[in-house]
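Here is the file target06.csv (CSV, C-alpha atoms).
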```
chain,number,residue,atom,x,y,z
A,4,MET,CA,11.5,9.9,7.4
A,5,LYS,CA,14.1,9.0,10.0
A,6,GLU,CA,17.8,8.8,9.1
A,7,LEU,CA,19.4,5.6,10.1
A,8,ASN,CA,21.3,7.3,13.0
A,9,GLU,CA,18.0,8.6,14.3
A,10,LEU,CA,16.5,5.2,14.7
A,11,ILE,CA,15.9,3.8,18.1
A,12,LEU,CA,17.5,0.3,18.1
A,13,PRO,CA,17.6,-1.0,21.7
A,14,GLU,CA,20.3,-3.5,22.8
A,15,ASP,CA,17.9,-5.8,24.6
A,16,VAL,CA,15.9,-6.9,21.6
A,17,LYS,CA,16.7,-8.9,18.5
A,18,PHE,CA,15.3,-8.1,15.0
A,19,THR,CA,14.0,-10.0,12.0
A,20,ASP,CA,14.7,-9.2,8.4
A,21,GLU,CA,10.9,-8.4,8.2
A,22,HIS,CA,11.4,-5.6,10.8
A,23,GLU,CA,9.8,-7.2,13.8
A,24,TRP,CA,11.6,-7.2,17.2
A,25,ALA,CA,11.7,-9.9,19.9
A,26,ARG,CA,12.7,-9.5,23.5
A,27,VAL,CA,13.2,-12.4,26.0
A,28,GLU,CA,11.2,-11.7,29.2
A,29,GLY,CA,11.5,-14.6,31.6
A,30,ASP,CA,10.1,-17.7,29.9
A,31,HIS,CA,8.3,-15.6,27.2
A,32,VAL,CA,9.2,-13.6,24.2
A,33,ARG,CA,7.6,-10.2,23.6
A,34,VAL,CA,7.1,-9.1,20.0
A,35,GLY,CA,6.5,-5.8,18.2
A,36,ILE,CA,7.7,-4.0,15.1
A,37,SER,CA,10.9,-1.9,14.9
A,38,ASP,CA,11.2,1.9,14.9
A,39,TYR,CA,12.3,1.6,11.3
A,40,ALA,CA,9.1,-0.4,10.4
A,41,GLN,CA,6.8,2.1,12.1
A,42,ASP,CA,8.5,5.0,10.4
A,43,GLN,CA,8.1,3.2,7.0
A,44,LEU,CA,4.4,2.6,7.7
A,45,GLY,CA,3.3,6.1,8.8
A,46,ASP,CA,0.5,6.7,11.2
A,47,VAL,CA,-0.9,3.4,12.4
A,48,VAL,CA,-4.7,3.4,12.6
A,49,PHE,CA,-5.4,-0.3,13.4
A,50,VAL,CA,-3.5,-3.3,14.6
A,51,GLU,CA,-5.0,-6.8,14.1
A,52,LEU,CA,-3.7,-9.4,16.5
A,53,PRO,CA,-4.2,-13.1,16.9
A,54,GLU,CA,-6.3,-14.8,19.6
A,55,VAL,CA,-4.5,-15.8,22.8
A,56,GLY,CA,-3.8,-19.5,22.6
A,57,SER,CA,-3.1,-19.6,18.9
A,58,SER,CA,0.2,-21.1,17.7
A,59,PHE,CA,2.5,-20.1,14.9
A,60,ASN,CA,5.7,-21.1,13.3
A,61,LYS,CA,8.6,-18.7,12.9
A,62,GLY,CA,8.0,-16.6,9.8
A,63,ASP,CA,4.2,-17.1,9.9
A,64,GLU,CA,1.9,-14.1,9.5
A,65,PHE,CA,0.5,-13.4,12.9
A,66,GLY,CA,-1.3,-10.1,12.3
A,67,THR,CA,-1.6,-6.9,10.3
A,68,VAL,CA,-0.9,-3.3,10.8
A,69,GLU,CA,-3.0,-0.7,9.0
A,70,SER,CA,-1.7,2.7,8.1
A,71,VAL,CA,-2.7,5.3,5.4
A,72,LYS,CA,-5.1,3.0,3.5
A,73,THR,CA,-2.5,0.2,3.6
A,74,VAL,CA,-2.6,-3.1,5.4
A,75,SER,CA,0.8,-4.7,6.1
A,76,GLU,CA,1.4,-8.2,7.3
A,77,ILE,CA,3.6,-8.9,10.3
A,78,TYR,CA,5.5,-12.1,10.9
A,79,MET,CA,6.5,-14.3,13.9
A,80,PRO,CA,10.2,-13.9,14.9
A,81,VAL,CA,10.0,-17.3,16.8
A,82,SER,CA,7.7,-20.3,16.9
A,83,GLY,CA,5.3,-20.6,19.8
A,84,GLU,CA,2.0,-20.0,21.4
A,85,VAL,CA,0.5,-16.6,21.9
A,86,VAL,CA,0.0,-16.1,25.6
A,87,ALA,CA,-0.9,-12.5,25.7
A,88,ILE,CA,-1.8,-9.7,23.3
A,89,ASN,CA,-1.6,-5.9,23.8
A,90,GLU,CA,-5.3,-5.1,24.3
A,91,GLU,CA,-4.4,-1.4,24.6
A,92,LEU,CA,-3.6,-1.1,20.9
A,93,ALA,CA,-7.3,-1.5,20.1
A,94,ASP,CA,-7.8,2.0,21.5
A,95,HIS,CA,-4.3,3.3,21.0
A,96,PRO,CA,-2.8,2.0,17.7
A,97,GLU,CA,-0.6,5.1,17.7
A,98,TYR,CA,1.5,3.5,20.5
A,99,VAL,CA,3.1,1.5,17.7
A,100,ASN,CA,4.5,4.8,16.3
A,101,THR,CA,5.2,6.6,19.6
A,102,ASP,CA,6.7,3.8,21.6
A,103,PRO,CA,7.4,0.8,19.4
A,104,TYR,CA,9.4,-1.2,21.9
A,105,GLY,CA,7.4,-0.2,25.0
A,106,LYS,CA,3.6,0.6,25.0
A,107,GLY,CA,3.5,-0.5,21.3
A,108,TRP,CA,4.3,-4.1,21.9
A,109,MET,CA,2.0,-6.5,20.2
A,110,ILE,CA,2.1,-10.1,21.4
A,111,GLU,CA,3.8,-12.3,24.0
A,112,VAL,CA,4.8,-15.7,23.0
A,113,ALA,CA,5.6,-18.9,24.9
A,114,PRO,CA,8.4,-20.0,22.5
A,115,SER,CA,8.6,-23.6,21.5
A,116,ASP,CA,12.3,-23.4,20.9
A,117,LEU,CA,14.1,-20.4,22.5
A,118,SER,CA,17.2,-21.1,20.6
A,119,GLU,CA,15.5,-19.6,17.5
A,120,MET,CA,16.3,-16.3,19.1
A,121,ASP,CA,19.9,-16.9,18.2
A,122,SER,CA,19.1,-16.8,14.5
A,123,LEU,CA,17.7,-13.2,14.8
A,124,LEU,CA,19.7,-10.1,14.2
A,125,ASP,CA,21.3,-8.1,16.9
A,126,LYS,CA,21.4,-4.3,16.7
A,127,ASN,CA,24.5,-4.1,14.6
A,128,ALA,CA,23.4,-6.8,12.2
A,129,TYR,CA,20.0,-5.2,11.8
A,130,LEU,CA,21.6,-1.8,11.2
A,131,LYS,CA,23.8,-3.4,8.5
A,132,LEU,CA,20.6,-4.8,6.9
A,133,LEU,CA,19.0,-1.4,6.9
A,134,GLU,CA,22.1,0.2,5.3
A,135,GLU,CA,21.9,-2.4,2.5
A,136,GLU,CA,18.2,-2.4,2.1
B,22,MET,CA,-4.1,23.0,-17.3
B,23,LYS,CA,-1.4,23.6,-14.7
B,24,HIS,CA,0.7,20.5,-14.1
B,25,GLY,CA,2.9,21.6,-11.2
B,26,ARG,CA,2.7,20.0,-7.8
B,27,LEU,CA,-0.5,20.9,-6.1
B,28,GLY,CA,-0.4,22.7,-2.8
B,29,THR,CA,-0.7,20.1,0.0
B,30,PRO,CA,-2.9,21.0,2.9
B,31,ASN,CA,-1.3,20.7,6.3
B,32,TRP,CA,-3.1,18.0,8.3
B,33,ARG,CA,-1.7,15.2,10.4
B,34,ALA,CA,-2.5,12.3,8.1
B,35,GLU,CA,-1.1,13.9,5.0
B,36,PRO,CA,1.8,12.0,3.6
B,37,PRO,CA,5.0,13.9,3.6
B,38,GLY,CA,5.0,14.6,-0.1
B,39,PRO,CA,7.2,12.9,-2.6
B,40,PRO,CA,10.3,10.9,-1.6
B,41,LYS,CA,13.1,13.1,-0.5
B,42,PRO,CA,16.8,12.4,-0.8
B,43,SER,CA,18.7,11.7,2.4
B,44,LYS,CA,21.4,14.1,3.5
B,45,GLY,CA,24.3,14.2,1.1
B,46,GLU,CA,22.4,12.5,-1.7
B,47,LYS,CA,21.5,14.1,-5.0
B,48,TRP,CA,18.6,12.9,-7.0
B,49,VAL,CA,17.5,13.5,-10.5
B,50,THR,CA,14.8,16.1,-10.4
B,51,HIS,CA,11.6,14.3,-10.9
B,52,ARG,CA,9.2,15.5,-13.5
B,53,LEU,CA,5.6,15.3,-12.4
B,54,THR,CA,3.9,16.0,-15.6
B,55,CYS,CA,2.6,13.2,-17.8
B,56,PRO,CA,2.9,13.6,-21.5
B,57,ARG,CA,-0.1,12.8,-23.5
B,58,LYS,CA,2.0,11.1,-26.1
B,59,PRO,CA,4.7,8.5,-25.4
B,60,THR,CA,8.2,9.9,-25.3
B,61,ASN,CA,11.3,8.4,-26.7
B,62,ARG,CA,12.6,7.7,-23.2
B,63,THR,CA,12.8,4.1,-22.4
B,64,LEU,CA,11.4,3.9,-19.0
B,65,ASP,CA,10.1,0.4,-19.1
B,66,GLU,CA,13.1,-1.3,-17.5
B,67,ALA,CA,12.1,-0.9,-13.9
B,68,VAL,CA,8.4,-1.7,-14.2
B,69,ARG,CA,6.3,-3.7,-16.6
B,70,ILE,CA,2.8,-2.6,-17.3
B,71,LEU,CA,0.3,-5.2,-18.3
B,72,VAL,CA,-3.1,-4.2,-19.7
B,73,LEU,CA,-5.8,-6.8,-19.3
B,74,GLU,CA,-8.5,-6.3,-21.9
B,75,GLY,CA,-12.2,-6.8,-21.2
B,76,LEU,CA,-14.0,-7.0,-17.9
B,77,GLN,CA,-12.1,-9.0,-15.3
B,78,PRO,CA,-13.8,-11.0,-12.5
B,79,TYR,CA,-12.6,-9.8,-9.1
B,80,VAL,CA,-11.6,-13.0,-7.3
B,81,PRO,CA,-9.4,-14.6,-10.0
B,82,ILE,CA,-7.5,-11.3,-10.3
B,83,LEU,CA,-7.0,-11.2,-6.6
B,84,HIS,CA,-5.6,-14.7,-6.7
B,85,LEU,CA,-3.4,-13.6,-9.6
B,86,GLN,CA,-2.0,-10.8,-7.5
B,87,HIS,CA,-1.3,-13.2,-4.6
B,88,ARG,CA,0.7,-15.4,-7.1
B,89,LEU,CA,2.6,-12.4,-8.5
B,90,VAL,CA,3.5,-11.2,-5.0
B,91,SER,CA,4.8,-14.6,-4.1
B,92,ALA,CA,6.8,-14.7,-7.3
B,93,ARG,CA,8.2,-11.2,-6.7
B,94,HIS,CA,9.1,-12.2,-3.2
B,95,ALA,CA,10.8,-15.4,-4.4
B,96,GLY,CA,12.6,-13.5,-7.1
B,97,THR,CA,11.1,-15.6,-10.0
B,98,LEU,CA,9.5,-12.3,-11.0
B,99,SER,CA,12.5,-10.0,-11.3
B,100,THR,CA,10.8,-6.7,-12.1
B,101,ASP,CA,7.9,-4.8,-10.6
B,102,LEU,CA,4.7,-5.1,-12.5
B,103,ILE,CA,1.5,-3.1,-12.8
B,104,LEU,CA,-1.8,-4.6,-13.9
B,105,LEU,CA,-4.2,-2.2,-15.6
B,106,LEU,CA,-7.8,-3.4,-16.0
B,107,GLN,CA,-11.5,-2.9,-15.5
B,108,HIS,CA,-13.6,-5.2,-13.2
B,109,GLU,CA,-17.0,-6.8,-13.6
B,110,PRO,CA,-19.4,-5.1,-11.0
B,111,VAL,CA,-18.3,-6.0,-7.5
B,112,PHE,CA,-18.4,-4.6,-4.0
B,113,THR,CA,-15.3,-5.2,-1.9
B,114,LEU,CA,-14.9,-4.8,1.8
B,115,GLY,CA,-11.7,-3.5,3.2
B,116,HIS,CA,-9.6,-4.7,6.1
B,117,ASN,CA,-11.5,-2.6,8.6
B,118,GLY,CA,-14.8,-3.9,7.5
B,119,GLY,CA,-17.6,-2.3,5.6
B,120,ARG,CA,-20.5,-4.8,5.6
B,121,GLU,CA,-22.2,-2.3,7.9
B,122,ASN,CA,-21.9,0.3,5.2
B,123,LEU,CA,-23.7,-1.8,2.7
B,124,ASN,CA,-27.2,-0.3,2.5
B,125,VAL,CA,-28.9,-2.9,0.4
B,126,SER,CA,-29.4,-6.6,1.2
B,127,GLU,CA,-26.8,-9.0,-0.3
B,128,ASN,CA,-29.8,-10.9,-1.7
B,129,ILE,CA,-30.7,-8.0,-3.9
B,130,LEU,CA,-27.1,-7.8,-5.0
B,131,ARG,CA,-27.0,-11.5,-5.7
B,132,LYS,CA,-30.1,-11.1,-7.9
B,133,LYS,CA,-28.3,-8.4,-9.8
B,134,GLY,CA,-25.3,-10.7,-10.1
B,135,ILE,CA,-23.0,-8.4,-8.0
B,136,GLN,CA,-20.7,-10.2,-5.6
B,137,VAL,CA,-19.5,-8.9,-2.2
B,138,VAL,CA,-15.9,-9.9,-1.6
B,139,GLN,CA,-14.0,-9.5,1.7
B,140,THR,CA,-10.4,-8.3,1.1
B,141,LYS,CA,-7.3,-7.6,3.1
B,142,ARG,CA,-6.6,-4.2,1.5
B,143,GLY,CA,-6.6,-1.0,3.6
B,144,GLY,CA,-9.8,1.0,3.8
B,145,ASN,CA,-13.5,0.3,3.9
B,146,ILE,CA,-16.2,-0.7,1.4
B,147,THR,CA,-16.1,0.3,-2.2
B,148,TYR,CA,-17.5,-0.5,-5.6
B,149,HIS,CA,-15.7,-1.5,-8.8
B,150,GLY,CA,-17.3,-1.9,-12.2
B,151,PRO,CA,-17.1,-1.2,-15.9
B,152,GLY,CA,-15.9,2.3,-16.7
B,153,GLN,CA,-13.5,2.4,-13.7
B,154,VAL,CA,-9.8,2.1,-14.4
B,155,ILE,CA,-7.9,-0.1,-11.9
B,156,ALA,CA,-4.2,-0.3,-11.4
B,157,TYR,CA,-2.7,-3.1,-9.2
B,158,PRO,CA,1.0,-2.4,-8.8
B,159,ILE,CA,3.1,-5.3,-7.6
B,160,ILE,CA,5.9,-3.1,-6.3
B,161,ASP,CA,8.8,-4.1,-4.1
B,162,LEU,CA,8.8,-1.1,-1.7
B,163,ARG,CA,12.0,-2.2,0.0
B,164,ALA,CA,14.0,-2.4,-3.3
B,165,ARG,CA,12.9,1.1,-4.1
B,166,ARG,CA,13.4,2.4,-0.5
B,167,LEU,CA,9.8,3.7,-0.6
B,168,ARG,CA,7.8,4.3,2.5
B,169,VAL,CA,4.2,3.4,2.5
B,170,THR,CA,3.2,7.0,2.8
B,171,GLU,CA,5.3,8.0,-0.2
B,172,TYR,CA,3.9,5.1,-2.2
B,173,VAL,CA,0.3,6.2,-1.5
B,174,TRP,CA,1.2,9.7,-2.3
B,175,MET,CA,2.6,8.6,-5.7
B,176,LEU,CA,-0.6,6.6,-6.6
B,177,GLU,CA,-2.7,9.6,-5.7
B,178,GLU,CA,-0.3,11.9,-7.8
B,179,ALA,CA,-0.5,9.5,-10.8
B,180,MET,CA,-4.3,9.8,-10.6
B,181,ILE,CA,-4.2,13.6,-10.2
B,182,GLN,CA,-1.9,14.0,-13.2
B,183,THR,CA,-4.1,11.6,-15.2
B,184,ALA,CA,-7.2,13.6,-14.4
B,185,ALA,CA,-5.3,16.8,-15.3
B,186,ALA,CA,-4.3,15.4,-18.7
B,187,HIS,CA,-8.0,14.9,-19.4
B,188,GLY,CA,-8.9,18.4,-18.2
B,189,VAL,CA,-10.1,17.7,-14.7
B,190,ASN,CA,-8.6,19.4,-11.7
B,191,ALA,CA,-8.5,16.9,-8.9
B,192,ARG,CA,-6.7,17.2,-5.6
B,193,ARG,CA,-6.2,15.6,-2.2
B,194,ASN,CA,-8.7,16.2,0.5
B,195,PRO,CA,-8.1,16.3,4.3
B,196,ARG,CA,-11.2,14.1,4.9
B,197,ASN,CA,-9.7,11.0,3.4
B,198,HIS,CA,-7.1,9.6,1.0
B,199,GLY,CA,-7.8,9.2,-2.7
B,200,ILE,CA,-8.4,12.1,-5.0
B,201,TRP,CA,-11.3,14.5,-5.1
B,202,VAL,CA,-13.0,17.0,-7.4
B,203,GLY,CA,-14.4,19.5,-5.0
B,204,GLU,CA,-16.2,17.5,-2.3
B,205,LYS,CA,-16.7,14.5,-4.6
B,206,LYS,CA,-14.4,11.5,-4.8
B,207,LEU,CA,-12.9,10.7,-8.2
B,208,GLY,CA,-10.3,8.0,-7.3
B,209,SER,CA,-9.5,5.7,-4.4
B,210,VAL,CA,-6.5,3.9,-3.0
B,211,GLY,CA,-6.4,0.7,-1.0
B,212,ILE,CA,-3.2,-1.2,-0.5
B,213,ALA,CA,-1.9,-4.4,1.0
B,214,VAL,CA,1.7,-5.2,1.7
B,215,ARG,CA,3.2,-8.7,2.0
B,216,HIS,CA,6.9,-9.1,2.7
B,217,GLY,CA,7.4,-5.5,1.6
B,218,ILE,CA,5.6,-6.1,-1.8
B,219,THR,CA,2.4,-4.2,-2.6
B,220,TYR,CA,-0.8,-5.5,-4.1
B,221,HIS,CA,-4.3,-4.0,-4.5
B,222,GLY,CA,-3.9,-0.4,-5.6
B,223,LEU,CA,-6.0,2.4,-7.1
B,224,ALA,CA,-9.3,2.8,-8.8
B,225,LEU,CA,-10.1,5.9,-11.0
B,226,ASN,CA,-13.7,6.5,-12.1
B,227,VAL,CA,-13.9,7.3,-15.8
B,228,THR,CA,-17.4,6.6,-17.2
B,229,LEU,CA,-18.5,4.4,-14.3
B,230,SER,CA,-22.2,4.3,-13.4
B,231,LEU,CA,-22.3,6.0,-10.0
B,232,GLU,CA,-25.6,4.4,-8.9
B,233,PRO,CA,-24.1,1.4,-7.1
B,234,PHE,CA,-22.2,3.9,-4.8
B,235,SER,CA,-25.6,5.1,-3.6
B,236,TRP,CA,-26.2,1.6,-2.2
B,237,ILE,CA,-23.2,1.9,0.1
B,238,THR,CA,-21.5,4.4,2.4
B,239,PRO,CA,-18.2,4.6,0.4
B,240,CYS,CA,-15.1,4.3,2.5
B,241,GLY,CA,-17.3,4.3,5.6
B,242,LEU,CA,-17.6,8.1,5.3
B,243,THR,CA,-21.1,9.4,5.5
B,244,GLY,CA,-22.2,12.0,2.9
B,245,VAL,CA,-19.5,11.3,0.5
B,246,ALA,CA,-20.6,11.6,-3.1
B,247,MET,CA,-18.6,10.0,-5.9
B,248,THR,CA,-17.8,11.4,-9.3
B,249,SER,CA,-16.2,10.3,-12.6
B,250,LEU,CA,-14.0,11.9,-15.1
B,251,ARG,CA,-16.9,12.1,-17.5
B,252,GLU,CA,-19.2,13.7,-14.9
B,253,ALA,CA,-16.4,16.1,-13.8
B,254,GLY,CA,-16.0,17.5,-17.3
B,255,ALA,CA,-13.5,15.3,-19.1
B,256,GLY,CA,-16.1,14.9,-21.9
B,257,ASP,CA,-16.2,11.9,-24.1
B,258,VAL,CA,-13.3,10.0,-22.7
B,259,SER,CA,-13.0,6.2,-22.8
B,260,PRO,CA,-11.6,4.0,-20.0
B,261,ARG,CA,-9.0,2.7,-22.6
B,262,GLU,CA,-7.7,6.2,-23.2
B,263,VAL,CA,-7.4,6.9,-19.5
B,264,MET,CA,-5.6,3.6,-19.1
B,265,GLU,CA,-3.0,4.8,-21.6
B,266,THR,CA,-2.6,8.1,-19.7
B,267,LEU,CA,-2.4,6.4,-16.3
B,268,SER,CA,0.1,3.9,-17.7
B,269,ARG,CA,2.4,6.8,-18.8
B,270,CYS,CA,2.0,8.5,-15.4
B,271,LEU,CA,2.7,5.3,-13.5
B,272,LYS,CA,5.8,4.8,-15.7
B,273,GLU,CA,6.9,8.3,-14.8
B,274,PHE,CA,6.8,7.3,-11.1
B,275,PHE,CA,7.9,3.7,-11.2
B,276,GLY,CA,9.7,3.3,-14.5
B,277,THR,CA,12.6,5.5,-13.4
B,278,PRO,CA,14.4,3.9,-10.4
B,279,MET,CA,16.9,6.8,-10.3
B,280,ALA,CA,14.3,9.2,-9.1
B,281,HIS,CA,13.3,7.0,-6.2
B,282,THR,CA,16.2,4.9,-5.2
B,283,HIS,CA,19.8,5.9,-4.7
B,284,GLY,CA,23.3,4.7,-5.5
B,285,GLU,CA,23.8,1.1,-4.5
B,286,ALA,CA,20.1,0.2,-4.4
B,287,THR,CA,19.6,1.6,-7.9
B,288,GLY,CA,22.6,-0.4,-9.2
B,289,ARG,CA,21.3,-3.5,-7.7
B,290,HIS,CA,17.8,-2.9,-9.0
B,291,LEU,CA,19.0,-2.2,-12.5
B,292,GLN,CA,21.2,-5.3,-12.3
B,293,SER,CA,18.2,-7.4,-11.3
B,294,THR,CA,16.0,-6.0,-14.0
B,295,ARG,CA,18.7,-6.8,-16.6
B,296,GLN,CA,18.6,-10.4,-15.7
B,297,VAL,CA,15.2,-10.7,-17.3
```
Let me see the file written as structure tokens.
Amino acid sequence: MKELNELILPEDVKFTDEHEWARVEGDHVRVGISDYAQDQLGDVVFVELPEVGSSFNKGDEFGTVESVKTVSEIYMPVSGEVVAINEELADHPEYVNTDPYGKGWMIEVAPSDLSEMDSLLDKNAYLKLLEEE
Amino acid sequence: MKHGRLGTPNWRAEPPGPPKPSKGEKWVTHRLTCPRKPTNRTLDEAVRILVLEGLQPYVPILHLQHRLVSARHAGTLSTDLILLLQHEPVFTLGHNGGRENLNVSENILRKKGIQVVQTKRGGNITYHGPGQVIAYPIIDLRARRLRVTEYVWMLEEAMIQTAAAHGVNARRNPRNHGIWVGEKKLGSVGIAVRHGITYHGLALNVTLSLEPFSWITPCGLTGVAMTSLREAGAGDVSPREVMETLSRCLKEFFGTPMAHTHGEATGRHLQSTRQV
């Protein structure tokens, strides 16, 4: 288990209190789960993602991550339409563990209201949440 | 029967053992044995155990779990809860499928009155029925600062200790999670997590008829034979007795927040349980 000071928490993403991250990339928002989340889950063996074109509200369940006989739900950091999913996770679910903010990204969203990003946690606020949790 | 912690084989998917304190923390040493008789310690604060009598239908209990998870998330249910029960005969499919591992037609099962239910728990196909003890813990992993791997380890350990209390030496197996007697599977785990709160749980075979397992490829693993406590040498043991033992083991793990949470979190947890 990682100590809090061992966690990778990039400056260029924002976090949810459900441990997803969201990064603005041009007009879109890229989404995955945080280093803390992957460390809590253990070895990821399967990632279930939505179909491209599906729309969700902020906070909706958009998929699941399976690790050690456990299926955990994952939730939308912002509202919008899914415009891309990380197809590579089908063959390499372990990317979620090894590179959660890079090769382990999950979906790309065309946000319906980009200002929802403002309500997410920055690195320091997220770290504070983790200290309290 | 030796009750100490069993040696854990070293393979990649093996959970990292019991929860460990972070640097600079001190935890109460956790006792891993399960007394056969209730002790005077009051461990009920952090978890409530609810025994459902009779044979329970699968789907209504699944819906009950969903409602309990929602209530735990909303805070209207302020303590963790564990349901102990036996199911009517049912095949359940796990998150990563399992219908392909059903080796009889669903028509035949329908004639026998056995349902096949798709679920969102981890794992593959399995069978539940009379003589199998089920535990469905509704546990707030975040409040307890428990990792998924630690939680699964604890469910397996509770089953290992329960089996030991009835004279059966079960252990983990590198092939798969759950607990095993030799190369035969005695107990299974399959979990789902919603907003950090667990549902589904564990299934321990006591006097269960093992025949329905021959109609499936359990867990999607070929060549896996199942066993029960009775078959593995526990003798004339009833599901109800095993429920009592398992209940005590689960209380050992989940009824003592000091052992699994620390400082502030424990204080907060105790505070919230006192509000009941």
Quiz prompt | Within 7 Å of chain B: residues of chain A, using only C-alpha atoms, as a PyMOL selection string | solution = chain A and resi 21+43-45+69+71-76+136
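Taking only C-alpha atoms, the non-local environment of region 55-57 of chain A within 8 Å (same-chain residues fewer than 5 positions away omitted) comprises Glu84, Val85, Val86, Ala87 and Ile88 of chain A.
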Quiz item: How many Å separate CA of Leu89 (chain B) from CA of Leu104 (chain B)?
Solution: 10.5 Å
Quiz prompt | Shortest interatomic distance to Met109 (chain A) - which of A:Leu132, A:Leu124, A:Phe49, A:Asp63, counting all atoms listed in the file | solution =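 Nearest candidate to Met109 (chain A) out of A:Leu132, A:Leu124, A:Phe49, A:Asp63: A:Phe49.
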Exercise. Rank nothing, just name the residue among B:Ile155, B:Ile70, B:Met180, B:Ile135 nearest to Pro110 (chain B), using all atoms listed in the file.
Key: B:Ile135
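Taking CA of Val138 (chain B) as the reference point, CA of Thr113 (chain B) is found at 4.7 Å.
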Quiz prompt | Contacts of region 258-272 of chain B at 6 Å (only C-alpha atoms; same-chain gap of 5+ positions) as a ChimeraX atom specification | solution = /B:55,152,179,183,227
Quiz prompt | Asp30 (chain A) surroundings by only C-alpha atoms, 9 Å radius, close-in-sequence under 5 positions cut, as a PyMOL selection string | solution = chain A and resi 112-114+117
Self-check item: Surrounding residues of Val48 (chain A) excluding itself and chain neighbours under 4 positions, 9 Å, only C-alpha atoms, as a count of residues only
Solution: 7
